[in-house]
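Peer 1: I'd like to ask some things about the structure below.
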Protein chains: 2
Amino acid sequence: MDRTHYIKDAIKGNVEIAGWVHDFRDLGKLKFVLVRDITGIMQVTMKKGVVDDRLLEQVNVNKEDVVSFEGEIKENKIAPGGRELIPAKFKHLNKVERKLPVDPTGHVDSELDTRLDYRYIDLRRKEVSLIFKTKSICAHAFREKLRELGFIEIHPSAITGTATEGGADVFPIQYFENKAYLVQSPQLYKQLAVIGGFDKVSMTVPVFRAEKHNTTSHLNEVTQMDIEMGFADHNDAMDVLEQVSLHMLKLAKEEVGDEIAEVFKHEVVIPKKIPKYKYSELIEKLGKNGF
Amino acid sequence: MDRTHYIKDAIKGNVEIAGWVHDFRDLGKLKFVLVRDITGIMQVTMKKGVVDDRLLEQVNVNKEDVVSFEGEIKENKIAPGGRELIPAKFKHLNKVERKLPVDPTGHVDSELDTRLDYRYIDLRRKEVSLIFKTKSICAHAFREKLRELGFIEIHPSAITGTATEGGADVFPIQYFENKAYLVQSPQLYKQLAVIGGFDKVSMTVPVFRAEKHNTTSHLNEVTQMDIEMGFADHNDAMDVLEQVSLHMLKLAKEEVGDEIAEVFKHEVVIPKKIPKYKYSELIEKLGKNGF
């Protein structure tokens with residue numbers, strides 16, 4: 001490994017950190033490099049007389065260069081996290097060779113098209129990576145609760161021989177000599193698993209809908225978190241899904257609640273119960289308040 | 001719910017169990033029904049004079065009928081699990097209306113084609129359901145270890161704009177006006193996630209290969225359990241995969257080791273280390289011993 005510690009764990013002593021140059025300042029006899037990894041940002045401070053002259057000269061970086069630094073952690077109240085790294089070794093693992101098309105620090109806004117064209121740089125923005133972190137935690141929490149409740153996870157096929165739900169809006173596949181389709185839902189497969197005696201099954205699988213859209217919220221491909229239960233009615237299913245939803249919120253709050261509050265100015269609130277409505281009640285409610 | 005207890009948890013007292021009629025015996029004044037759910041088999045015993053006459057008359061079942069019984073658990077050394085259920089209530093939830101095309105008890109063998117045509121019945125065979133249970137445990141263990149090691153789970157797309165790996169053996173999709181393909185691997189997506197700063201990512205996603213085959217082991221669609229790591233080399237990756245593999249074996253042994261031993265006459269053995277070979281060593285080893 002090119003590191004001994006993630007930045008959040010590099011609290012004291014001699015460490016090696018690795019990541020991207022988030023920002024830098026070069027004052028000749030004093031250089032600062034902010035190194036970013038998935039866990040945080042560390043200020044690396046190089047002052048003439050304190051670090052080796054050759055090192056000071058060698059550290060010649062640009063934003064988003066890939067670097068590693070080895071050295072001592074020192075307290076510094078005005079640095080991010082109240083500490084800084086005084087390096088003894090530097091590795092320039094990779095250099096950015098042209099102007100960055102997207103600014104990962106978020107200082108400069110980009111058009112959505114540009115962000116998607118350079119998604120691998122856009123992912124470095126905290127607002128974006130936090131969404132993926134949260135999604136990962138939610139997928140885990142979903143499965144953890146269902147496993148505790150005795151569900152078997154299945155991996156039904158993404159391919160189906162017949163178009164479901166009326167046959168509209170499916171993606172056709174050439175499956176050898178036959179026509180097949182990408183699934184719109186694991187519905188039939190999961191029901192067959194329950195009829196097959198698995199009793200309670202869960203899955204997190206991709207599903208596809210060939211709906212043309214002109215928004216950033218769409219359904220062409222999503223990960224469906226799904227369950228099916230035998231010997232149960234809709235109230236049993238809602239009880240399970242309530243437990244699952246609350247567990248997802250709980251874990252997200254525990255693990256990234258502070259980051260979500262900081263980045264999105266939004267507190268994760270966990271209700272005691274999730275309200276249940278009858279269809280007629282909901283239609284009335286929505287009718288009054290608008291969609 | 002149509003049950004208060006799974007069969008394995010119905011140890012004593014008054015319980016309701018639900019499942020399928022695995023087998024039955026009708027001796028007029030004495031009836032036995034073996035009820036099967038995903039956790040086991042329970043003998044339900046109805047003797048004239050012990051149970052209500054109307055109940056004795058009412059219980060008129062066939063193999064694979066769906067039933068529930070409520071009653072008292074009693075000790076019975078010669079029954080499966082050393083206990084039986086003396087019922088007070090019976091529900092005939094669903095009846096089999098024609099001859100079963102596949103025998104779930106495994107007494108009668110079926111052709112593979114028949115088994116696949118009636119997969120939802122074939123899944124009830126212990127040999128088959130145990131494979132799915134084990135797969136579910138392995139998927140869980142894979143993710144549990146990786147989460148512990150700080151991996152972020154991602155859900156890369158199953159669709160790609162360009163055919164990878166030389167372009168052979170892919171399933172083409174009509175993606176609106178464009179031609180697209182089902183992914184052969186999440187390779188590019190996972191690498192972009194690491195370049196995007198996620199550092200360590202894991203995924204369990206479907207991948208597809210349009211390879212014609214004439215065996216029961218093939219690759220048209222499989223669930224790929226995959227990882228990618230930044231700032232790491234192949235030894236770091238092998239170390240992670242060793243931990244993951246051992247954890248999968250450990251959990252499978254703990255949770256279904258006994259069932260695997262019983263059904264497949266195979267003990268789950270957990271090695272201390274997983275041996276690592278150089279390519280040249282392996283080729284020599286294989287050359288000597290044959291494939």
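Labeling convention for the structure tokens: chains A, B, ... as they appear, residues from 1 per chain, ligands from 1 in order of appearance.
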Which residues come within 8 Å of Lys29 (chain A), counting only C-alpha atoms, excluding same-chain residues fewer than 4 positions away, as a list in words?

Peer 2: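 So the residues in contact are Lys47, Lys48 and Leu56 of chain A.
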
Peer 1: Would you put the residues from that selection into a file with N, CA and C atoms, as an mmCIF file, in the first residue's frame?

Peer 2:
data_model
loop_
_atom_site.group_PDB
_atom_site.id
_atom_site.type_symbol
_atom_site.label_atom_id
_atom_site.label_comp_id
_atom_site.auth_asym_id
_atom_site.auth_seq_id
_atom_site.Cartn_x
_atom_site.Cartn_y
_atom_site.Cartn_z
ATOM 1 N N LYS A 47 8.475 23.916 5.608
ATOM 2 C CA LYS A 47 9.111 25.211 5.860
ATOM 3 C C LYS A 47 10.611 25.017 5.720
ATOM 4 N N LYS A 48 11.236 25.932 4.989
ATOM 5 C CA LYS A 48 12.703 25.854 4.813
ATOM 6 C C LYS A 48 13.359 25.849 6.195
ATOM 7 N N LEU A 56 11.810 20.215 -0.174
ATOM 8 C CA LEU A 56 11.100 21.478 -0.434
ATOM 9 C C LEU A 56 11.111 21.787 -1.931
#

Peer 1: Which chain A residues are at most 7 Å from chain B (counting only C-alpha atoms), as an NGL selection string?

Peer 2: :A and (1-2 or 37-38 or 120-121 or 123-124 or 133 or 136 or 152-154 or 171-175 or 192-193 or 195-199 or 231-233 or 236)

Peer 1: So which residues of region 34-242 of chain B fall under helix (DSSP H, G or I) by DSSP, listed as a PyMOL selection string?

Peer 2: chain B and resi 53-58+80-82+112-117+119-122+126-148+165-167+187-198+234-242

Peer 1: Hey, what does DSSP flag as strand (DSSP E or B) within region 128-266 of chain A? Can you give it to me as a ChimeraX atom specification?

Peer 2: /A:152-153,159-160,172-175,178-182,200-208,221-229

Peer 1: For region 243-255 of chain A, work out the shell of residues within 6 Å, counting only C-alpha atoms and skipping chain neighbours fewer than 3 positions away, then give it as a PyMOL selection string.

Peer 2: chain A and resi 138+141-142+145+240+268

Peer 1: Can you work out which one of A:Glu281, A:Glu111, A:Glu97, A:Asp65 has the shortest atom-to-atom distance to Val21 (chain A), counting only C-alpha atoms?

Peer 2: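 The closest residue to Val21 (chain A) is A:Asp65.
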
Peer 1: Using only C-alpha atoms, which of the listed residues (A:Ile270, A:Val50, A:Leu85, A:Leu30) sits closest to Ile7 (chain A)?

Peer 2: A:Leu85

Peer 1: How many Å separate CA of Leu27 (chain A) from CA of Tyr6 (chain A)?

Peer 2: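 Going from CA of Leu27 (chain A) over to CA of Tyr6 (chain A) covers 27.4 Å.
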
Peer 1: For each of B:Ile274, B:Ala261, B:Ile86, B:Ala79, take the minimum atom-to-atom distance to Met238 (chain B), counting only C-alpha atoms, then give the residue where this is smallest.

Peer 2: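 Nearest candidate to Met238 (chain B) out of B:Ile274, B:Ala261, B:Ile86, B:Ala79: B:Ile274.
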
Peer 1: Residues within 9 Å of Lys89 (chain A), please, as a list of chain:residue names. Count only C-alpha atoms; anything in the same chain fewer than 2 positions from it doesn't count.

Peer 2: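 Residues near the query, excluding close chain neighbours: A:Glu16, A:Leu55, A:Ser68, A:Phe69, A:Glu70, A:Gly71, A:Pro87, A:Lys91.
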
Peer 1: Fewer than 5 positions away in the same chain doesn't count, so skip those; otherwise give me all residues within 6 Å of Phe32 (chain A), counting only C-alpha atoms, as a PyMOL selection string.

Peer 2: chain A and resi 24-25+44-45

Peer 1: Dump C-alpha atoms for the selected residues as an mmCIF file, in the first residue's frame?

Peer 2:
data_model
loop_
_atom_site.group_PDB
_atom_site.id
_atom_site.type_symbol
_atom_site.label_atom_id
_atom_site.label_comp_id
_atom_site.auth_asym_id
_atom_site.auth_seq_id
_atom_site.Cartn_x
_atom_site.Cartn_y
_atom_site.Cartn_z
ATOM 1 C CA PHE A 24 -1.603 24.101 -2.544
ATOM 2 C CA ARG A 25 0.231 27.309 -1.749
ATOM 3 C CA VAL A 44 1.196 19.123 4.638
ATOM 4 C CA THR A 45 3.510 21.936 5.748
#

Peer 1: Neighbours of Ile11 (chain A) within 9 Å (only C-alpha atoms; same-chain residues fewer than 4 positions away dropped), as a VMD selection string?

Peer 2: chain A and resid 7 15 73 to 74 83

Peer 1: Using the selection just defined, write its residues with C-alpha atoms as a CSV table (one decimal), in the first residue's frame.

Peer 2:
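Here's the written file selection_25.csv:
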chain,number,residue,atom,x,y,z
A,7,ILE,CA,-6.2,10.8,6.7
A,15,VAL,CA,2.5,8.1,9.0
A,73,ILE,CA,1.9,14.5,12.6
A,74,LYS,CA,2.1,17.7,14.6
A,83,ARG,CA,-3.1,18.9,12.9
